[in-house]
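Data block for input12.cif (mmCIF, C-alpha atoms):
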data_data
loop_
_atom_site.label_atom_id
_atom_site.label_comp_id
_atom_site.auth_asym_id
_atom_site.auth_seq_id
_atom_site.Cartn_x
_atom_site.Cartn_y
_atom_site.Cartn_z
CA MET A 1 0.47 24.47 15.82
CA PHE A 2 3.04 21.77 16.66
CA GLY A 3 0.59 19.02 15.65
CA ILE A 4 0.05 20.59 12.22
CA LYS A 5 3.78 20.73 11.49
CA ARG A 6 4.20 17.12 12.59
CA LYS A 7 1.31 16.00 10.38
CA LYS A 8 2.77 17.75 7.33
CA ARG A 9 6.17 16.18 7.96
CA VAL A 10 4.65 12.71 8.30
CA ASN A 11 2.62 13.23 5.11
CA ALA A 12 5.74 14.35 3.24
CA GLN A 13 7.60 11.30 4.59
CA GLY A 14 4.74 9.05 3.47
CA LYS A 15 4.65 10.61 0.00
CA ASP A 16 8.42 10.20 -0.37
CA GLY A 17 8.06 6.56 0.63
CA GLU A 18 5.22 5.99 -1.83
CA ASP A 19 7.22 7.63 -4.63
CA LEU A 20 10.17 5.31 -3.93
CA ALA A 21 7.82 2.31 -3.77
CA VAL A 22 6.28 3.19 -7.15
CA LYS A 23 9.72 3.52 -8.76
CA TYR A 24 10.74 0.17 -7.29
CA LEU A 25 7.56 -1.59 -8.43
CA GLU A 26 7.76 -0.15 -11.95
CA THR A 27 11.40 -1.18 -12.35
CA HIS A 28 10.42 -4.70 -11.27
CA GLY A 29 7.79 -5.09 -13.98
CA TYR A 30 4.62 -3.99 -12.21
CA ARG A 31 2.17 -1.59 -13.84
CA VAL A 32 0.64 1.01 -11.54
CA LEU A 33 -3.14 1.19 -11.85
CA ASP A 34 -3.97 3.64 -9.06
CA ARG A 35 -2.38 5.57 -6.22
CA ASN A 36 -4.14 6.59 -3.03
CA TYR A 37 -7.45 4.98 -3.99
CA THR A 38 -9.83 6.27 -1.33
CA THR A 39 -13.35 5.29 -0.33
CA ASP A 40 -15.49 6.13 2.67
CA ILE A 41 -13.92 3.10 4.41
CA GLY A 42 -10.25 3.93 3.89
CA GLU A 43 -7.43 3.97 1.40
CA VAL A 44 -5.11 1.63 -0.46
CA ASP A 45 -1.77 3.25 -1.18
CA ILE A 46 -1.12 1.64 -4.56
CA PHE A 47 -2.87 -0.82 -6.86
CA VAL A 48 -0.56 -2.55 -9.33
CA THR A 49 -0.74 -5.50 -11.67
CA ASP A 50 1.73 -8.02 -13.01
CA GLU A 51 -0.74 -8.61 -15.88
CA ARG A 52 -2.13 -11.70 -14.11
CA THR A 53 -2.93 -10.47 -10.60
CA LEU A 54 -4.40 -7.37 -9.00
CA ILE A 55 -2.09 -6.37 -6.16
CA ALA A 56 -3.05 -4.03 -3.32
CA VAL A 57 0.11 -2.50 -1.91
CA GLU A 58 0.44 -0.93 1.52
CA VAL A 59 3.52 1.29 1.79
CA LYS A 60 5.13 1.88 5.17
CA SER A 61 8.09 4.23 5.52
CA ARG A 62 10.48 4.64 8.42
CA LEU A 63 13.53 6.73 9.21
CA SER A 64 14.71 4.23 11.85
CA LEU A 65 13.75 0.94 13.48
CA LYS A 66 13.09 2.63 16.83
CA TYR A 67 9.43 1.58 16.69
CA GLY A 68 9.92 -1.68 14.78
CA THR A 69 9.98 -2.54 11.12
CA PRO A 70 7.61 -0.76 8.78
CA ALA A 71 5.63 -3.95 8.10
CA GLU A 72 4.97 -4.39 11.82
CA ALA A 73 2.85 -1.24 11.64
CA VAL A 74 0.29 -3.03 9.45
CA GLY A 75 -2.12 -4.32 12.08
CA HIS A 76 -5.40 -6.20 11.95
CA GLY A 77 -7.49 -3.03 11.62
CA LYS A 78 -5.46 -1.79 8.67
CA ILE A 79 -5.62 -5.22 7.02
CA ARG A 80 -9.41 -5.24 7.38
CA LYS A 81 -9.68 -1.77 5.80
CA ILE A 82 -7.35 -2.70 2.94
CA SER A 83 -9.45 -5.78 2.17
CA GLN A 84 -12.70 -3.80 2.27
CA VAL A 85 -11.33 -1.05 0.01
CA THR A 86 -9.93 -3.67 -2.37
CA ALA A 87 -13.35 -5.34 -2.59
CA GLN A 88 -14.83 -1.96 -3.55
CA TYR A 89 -12.10 -1.50 -6.16
CA VAL A 90 -12.83 -4.92 -7.68
CA LYS A 91 -16.56 -4.10 -7.80
CA GLN A 92 -16.06 -0.61 -9.27
CA PHE A 93 -13.81 -1.84 -12.07
CA ARG A 94 -15.58 -5.20 -12.52
CA LEU A 95 -12.43 -7.23 -11.92
CA PHE A 96 -14.28 -10.32 -10.72
CA GLY A 97 -12.40 -13.57 -11.18
CA ILE A 98 -8.97 -11.92 -11.23
CA PRO A 99 -6.61 -13.17 -8.51
CA VAL A 100 -5.90 -10.59 -5.79
CA ARG A 101 -2.75 -10.36 -3.70
CA PHE A 102 -1.83 -8.14 -0.76
CA ASP A 103 1.74 -6.85 -0.53
CA VAL A 104 3.59 -4.54 1.82
CA VAL A 105 6.46 -2.37 0.64
CA GLU A 106 8.79 -1.24 3.40
CA VAL A 107 10.74 1.91 2.64
CA TYR A 108 13.74 2.85 4.76
CA LEU A 109 14.13 6.56 4.16
CA ASN A 110 17.52 6.87 5.88
CA ASP A 111 19.19 5.01 2.97
CA ASN A 112 16.33 4.82 0.41
CA THR A 113 16.18 1.03 0.46
CA VAL A 114 13.02 -0.89 -0.34
CA ASN A 115 11.86 -4.28 0.89
CA HIS A 116 8.94 -5.77 -1.07
CA ILE A 117 6.97 -8.36 0.89
CA GLN A 118 4.75 -10.31 -1.49
CA ASN A 119 1.66 -12.02 -0.07
CA ALA A 120 2.20 -10.14 3.18
CA PHE A 121 -1.24 -11.16 4.42
CA ASP A 122 -4.34 -13.04 3.31
CA CYS A 123 -7.81 -11.56 3.25
CA TYR A 124 -11.26 -12.67 2.33
CA LEU A 125 -12.84 -10.27 -0.15
CA ASN A 126 -16.54 -9.82 0.55
CA TYR A 127 -18.24 -8.37 -2.53
#

Can you dump the structure from the file as structure tokens?
Amino acid sequence: MFGIKRKKRVNAQGKDGEDLAVKYLETHGYRVLDRNYTTDIGEVDIFVTDERTLIAVEVKSRLSLKYGTPAEAVGHGKIRKISQVTAQYVKQFRLFGIPVRFDVVEVYLNDNTVNHIQNAFDCYLNY
């Protein structure tokens, strides 16, 4: 029972963070293409475009820095999954030849601040 309550709270925290990230991105000129794009491999939180580039955005939310910054939670395994899901997205929507970028948006829920890290990591897309 305790685990279920914790999971719901974390999911609500994640959704709040994603909502704040979307508002931030839209007010900074990005157009949201998809949210929570899921495949059998994993999920990308948000796909946006600046009309020149496809951008896969990983959103990490934190209430405190007790366990490090939000971006520090994006490890090698998560980066691999994001790149694989992004490759599937490019194939599904036939976006070949369009530049792709990988960003991380840190959301600090204690004061609703957002830190947008552009080009947070590089990946090789294997189509």

Could you state the separation of atom CA of Phe102 of chain A and atom CA of Leu54 of chain A in Å, given to one decimal place?
8.7 Å

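Selection check: the PyMOL selection byres ((chain A and resi 97) around 12) on the shown file gives Arg52, Thr53, Leu54, Ala87, Val90, Lys91, Phe93, Arg94, Leu95, Phe96, Ile98, Pro99, Val100, Leu125 and Tyr127 of chain A.
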
With 12 Å as the threshold, what does the neighbourhood of (-4.1, -2.3, 6.9) contain in terms of residues, counting only C-alpha atoms? Coordinates are those of the file; answer as a ChimeraX atom specification.
/A:41-45,56-60,70-86,102-104,120-123

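The gap separating atom CA of Val32 of chain A from atom CA of Thr49 of chain A is 6.7 Å, in Å to one decimal.
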
Per-axis box centre and lengths in Å around segment 103-107 of chain A, 8 Å margin per side, axis-aligned, as JSON:
{"center_x": 6.2, "center_y": -2.5, "center_z": 1.4, "size_x": 25.0, "size_y": 24.8, "size_z": 19.9}
